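Only one structure is covered here, and it is reproduced in the block below.
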Amino acid sequence: MLVAVLPAEAATKKDPSCKRAGSRTVAQNDFARVYEVKSPEAERRLYGCRRSTGKRVLLDTAGDDFTEYLITDYENVRLAGAHVAWASSSVDYSCKAACPPGYDGKSVSVRVYDLRRRAERAIQGVEPVGRALVLSRLGGVAWAVRDAVSGGVEIHASLRTGDDRVIDSGNIDPKSLAIEITIISWTRDGVEQFARLR
């Protein structure tokens with residue numbers, strides 16, 4: 001009787017500090033919980049929380065700041081091991097009426113945060129096609145982007161800060177991008193391709 005009760009009690013005390021009232025789980029595993037909280041001003045905030053310590057970190061925000069003329073957003077949140085990856089964007093209209101012709105003020109990136117080491121890296125100028133973003137447990141990230149000139153799709157990968165390399169390009173279905181542990185796969189011309197992300 002005692003043996004059956006103890007595991008159940010331990011399970012209920014596993015990560016009480018990662019539970020926050022009014023939050024919505026975006027991704028979770030045994031190491032961490034990634035969740036979203038909405039503020040009264042309709043701003044969304046993305047947090048990562050390490051289960052063993054209960055320490056949380058603000059990863060990103062999404063909303064309209066009309067006082068600063070700034071619009072921010074995040075999407076495609078992924079969690080693998082201690083790493084979180086997501087696509088982040090912002091539009092800066094602070095120049096207002098003085099904005100030059102053709103100005104869009106948009107900044108995009110793929111961001112990766114290591115919840116164990118509390119360190120972040122960002123790959124600037126990246127906007128994945130749809131939901132084509134995958135993450136390995138070691139922090140390697142890959143995504144699909146559309147070439148503005150050829151109209152084809154490229155598969156990119158990053159393993160460390162400042163690293164952005166093209167793995168493949170051509171007639172690629174961005175929806176086919178997937179990952180199994182550290183092996184990514186995608187289809188080009190209807191044929192499945194593979195690469196190790198690490």
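Each chain in the structure tokens gets a letter, A, B and so on, in the order shown; residues start at 1 in every chain, and ligands are counted from 1 in the order they appear.
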
Please report as CSV every residue of range 40-134 of chain A lying within 9 Å of range 177-192 of chain A, along with the nearest atom pair and their distance in Å (one decimal), using only C-alpha atoms.
```
residue,atom,partner,partner_atom,distance
A:Ala80,CA,A:Ile181,CA,8.9
A:Ala132,CA,A:Leu177,CA,6.0
A:Leu133,CA,A:Leu177,CA,7.5
A:Val134,CA,A:Ile179,CA,6.3
```

Extract, using only C-alpha atoms, all DNA, RNA and protein residues at most 9 Å from range 106-121 of chain A, discarding same-chain residues fewer than 2 positions from it, and format them as a VMD selection string.
chain A and resid 32 48 to 50 56 to 57 59 82 to 93 103 to 104 123 to 128 133 135 139 to 141 143 160 to 162

As a PyMOL selection string, please: all residues of range 45-179 of chain A that backbone DSSP puts in strand (DSSP E or B).
chain A and resi 45-50+56-65+70-80+83-92+106-114+119-124+133-135+141-146+153-158+165-170+172-179

Could you tell me how far CA of Leu58 in chain A lies from CA of Leu46 in chain A, in Å and to one decimal?
6.0 Å

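Going from CA of Gly170 in chain A over to CA of Gly152 in chain A, you cover 5.1 Å.
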
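In this model, the gap between CA of Gly151 in chain A and CA of Ala62 in chain A comes to 29.5 Å.
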